[in-house]
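Here the structure comes first, spelled out in structure tokens, and everything after it is commentary.
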Amino acid sequence: MTPAPLARHILSLADTKRLLGIRYSDWLLGSPSIETGIAASSMSQDEWGHARLLYAMLKRLGFDPFEVEHERPAARYYSAPALDHPFADWAHFVSAVVVVDGALSVALESFANGKFALARSRVPKMLAEEEYHRRFGTAWFSRLAAAEGEGAARLRDSARSMLPTTLAWLLPGDDAHDTLVADGHVWPEDRVRDRCAQLLQGTLATVGIDLGTVEPARDGWDPERRRGPGAPAEEAVERARGDRNRDLFVE
């Protein structure tokens with residue numbers, strides 16, 4: 001079944017949360033301290049839980065959530081391209097918390113204020129849990145930026161590399177997104193931009209990034225998957241689907 005705009009939007013949110021949870025989980029070990037590893041674990045669990053709630057919404061739209069969650073190939077994922085590959089280092093991790101997780105929060109806030117009843121009832125709790133992610137990311141971003149040197153340079157480079165594709169994911173600028181706006185499911189683009197700037201600009205400015213000068217990267221845009229070319233690494237999608245534990249599934 002080819003997803004209609006609303007189902008496509010939910011898939012893009014759920015898949016991005018699922019992959020973000022995978023990327024956070026990679027840092028349960030190897031993060032700067034035991035405390036940050038615990039934080040990474042907590043955030044990954046939040047993202048997986050949120051993804052499951054979002055996938056479950058698709059049942060209302062005629063999709064089997066189990067099939068969507070566990071049986072799609074990587075080429076059918078709608079996740080933000082910044083999550084296609086593992087984070088290279090802790091600066092990359094922190095940038096993703098600010099940029100990708102921050103963009104997700106804006107998208108969820110927009111969705112929670114729309115006409116889809118399940119979003120209005122279920123997304124506010126997600127946003128409340130996301131507040132910890134925002135505080136954690138902002139604190140670590142400011143800490144690395146203030147240290148200057150190689151850490152600050154890596155932070156700036158990783159944030160800059162993520163922003164164009166993440167903004168395109170957040171602001172698709174295509175007919176399907178225009179339909180969502182017209183149907184009252186999400187905010188218009190200018191309101192999303194304003195909210196994104198409100199949440200992210202102050203943090204990004206600490207490494208000299210002006211969000212207003214960053215253009216969404218829509219080269220090779222795939223309108224059905226609401227993202228640019230490519231797909232998540234197969235290894236991450238195998239983990240997301242639970243392939244190695246398929247015989248142990250208990251529902």
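Ordering of the structure tokens sets the chain letters (A, B, ...); residue numbers start at 1 within each chain; ligands are numbered from 1 in the order shown.
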
Report the closest atom pair, with its distance in Å rounded to one decimal, for each residue of segment 106-222 of chain A that has an atom no farther than 10 Å from segment 82-87 of chain A; count only C-alpha atoms, sort by chain and then rising residue number, and write it as a Markdown table.
| residue | atom | partner | partner_atom | distance |
| --- | --- | --- | --- | --- |
| A:Ser158 | CA | A:Phe87 | CA | 9.2 |
| A:Ala159 | CA | A:Ala82 | CA | 10.0 |
| A:Ser161 | CA | A:Ala82 | CA | 8.2 |
| A:Met162 | CA | A:Ala82 | CA | 5.5 |
| A:Leu163 | CA | A:Ala82 | CA | 8.4 |
| A:Pro164 | CA | A:Ala82 | CA | 9.3 |
| A:Thr165 | CA | A:Ala82 | CA | 6.8 |
| A:Thr166 | CA | A:Ala82 | CA | 6.7 |
| A:Trp169 | CA | A:Ala82 | CA | 9.7 |

Let me see the file: selected residues, N, CA and C atoms, as a CSV table (one decimal), in the first residue's frame.
chain,number,residue,atom,x,y,z
A,158,SER,N,30.1,18.6,12.5
A,158,SER,CA,29.1,17.6,12.5
A,158,SER,C,27.7,18.3,12.5
A,159,ALA,N,27.5,19.4,13.2
A,159,ALA,CA,26.2,20.1,13.2
A,159,ALA,C,26.0,20.6,11.8
A,161,SER,N,27.1,19.5,9.0
A,161,SER,CA,26.8,18.4,8.0
A,161,SER,C,25.4,17.9,8.1
A,162,MET,N,24.8,17.9,9.3
A,162,MET,CA,23.5,17.4,9.6
A,162,MET,C,22.4,18.3,9.2
A,163,LEU,N,22.6,19.6,9.3
A,163,LEU,CA,21.5,20.6,9.2
A,163,LEU,C,20.8,20.6,7.8
A,164,PRO,N,21.5,20.6,6.7
A,164,PRO,CA,20.8,20.7,5.4
A,164,PRO,C,19.8,19.6,5.2
A,165,THR,N,20.2,18.3,5.4
A,165,THR,CA,19.3,17.2,5.2
A,165,THR,C,18.2,17.2,6.2
A,166,THR,N,18.6,17.5,7.4
A,166,THR,CA,17.6,17.5,8.5
A,166,THR,C,16.5,18.6,8.3
A,169,TRP,N,14.2,17.3,5.7
A,169,TRP,CA,13.3,16.3,6.3
A,169,TRP,C,12.2,17.0,7.0

TODO: Write out as a ChimeraX atom specification all residues of segment 100-197 of chain A that DSSP puts in helix (DSSP H, G or I) for this structure's backbone.
DONE: /A:100-112,117-147,149-170,175-182,189-197

Task: Distance query Trp90 of chain A at most 10 Å, only C-alpha atoms, self and fewer than 3 positions along chain excluded, as a PyMOL selection string - done: chain A and resi 27+30-32+87+93-96+140+144+151+154-155

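Rounded to one decimal, atom CA of Ala39 of chain A and atom CA of Arg135 of chain A lie 11.4 Å from each other.
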
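For segment 66-68 of chain A, the set of protein, DNA and RNA residues having any atom at most 10 Å away, when counting only C-alpha atoms and skipping those fewer than 3 positions along the same chain, is Leu11, Asp15, Arg52, Tyr55, Ala56, Leu58, Lys59, Phe63, Glu71, Arg72, Pro73, Arg76, Tyr77, Arg241 and Glu251 of chain A.
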
I'd like the neighbourhood of Ala146 of chain A as a PDB file with C-alpha atoms, in the first residue's frame, where a residue qualifies if any of its atoms comes within 12 Å (using only C-alpha atoms), though same-chain residues fewer than 3 positions away should be ignored.
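Saved file result.pdb follows:
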ATOM      1  CA  ALA A 139      24.310  21.429  28.068  1.00  0.00           C
ATOM      2  CA  TRP A 140      26.788  19.164  26.277  1.00  0.00           C
ATOM      3  CA  PHE A 141      26.832  21.294  23.137  1.00  0.00           C
ATOM      4  CA  SER A 142      27.659  24.390  25.193  1.00  0.00           C
ATOM      5  CA  ARG A 143      30.318  22.472  27.130  1.00  0.00           C
ATOM      6  CA  GLY A 149      40.070  23.306  20.088  1.00  0.00           C
ATOM      7  CA  GLU A 150      39.424  20.044  18.230  1.00  0.00           C
ATOM      8  CA  GLY A 151      36.269  19.178  20.152  1.00  0.00           C
ATOM      9  CA  ALA A 152      34.558  22.437  19.217  1.00  0.00           C
ATOM     10  CA  ALA A 153      35.664  22.059  15.591  1.00  0.00           C
ATOM     11  CA  LEU A 155      31.017  19.766  16.989  1.00  0.00           C
ATOM     12  CA  ARG A 156      30.668  22.587  14.465  1.00  0.00           C
ATOM     13  CA  THR A 203      22.716  26.692  20.808  1.00  0.00           C
ATOM     14  CA  ALA A 205      25.331  30.154  17.547  1.00  0.00           C
ATOM     15  CA  THR A 206      27.859  29.029  20.158  1.00  0.00           C
ATOM     16  CA  VAL A 207      29.860  27.430  17.323  1.00  0.00           C
ATOM     17  CA  GLY A 208      29.180  30.214  14.827  1.00  0.00           C
TER      18      GLY A 208
END

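Each of A:Pro172, A:Gly114, A:Pro124, A:Gly137 was checked against Met43 of chain A using only C-alpha atoms; the smallest atom-to-atom distance is that of A:Gly137.
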
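Near Asp46 of chain A, within 10 Å and counting only C-alpha atoms, sit A:Lys17, A:Arg18, A:Gly21, A:Ala40, A:Ser41, A:Ala51, A:Met126, A:Glu129, A:Glu130, A:His133; same-chain residues fewer than 5 positions away were not included.
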
- [ ] Just the residues within 9 Å of Glu238 of chain A, please, counting only C-alpha atoms, with nothing from its chain fewer than 4 positions along; format it as a ChimeraX atom specification.
- [x] /A:70,73-74,233-234,242-244
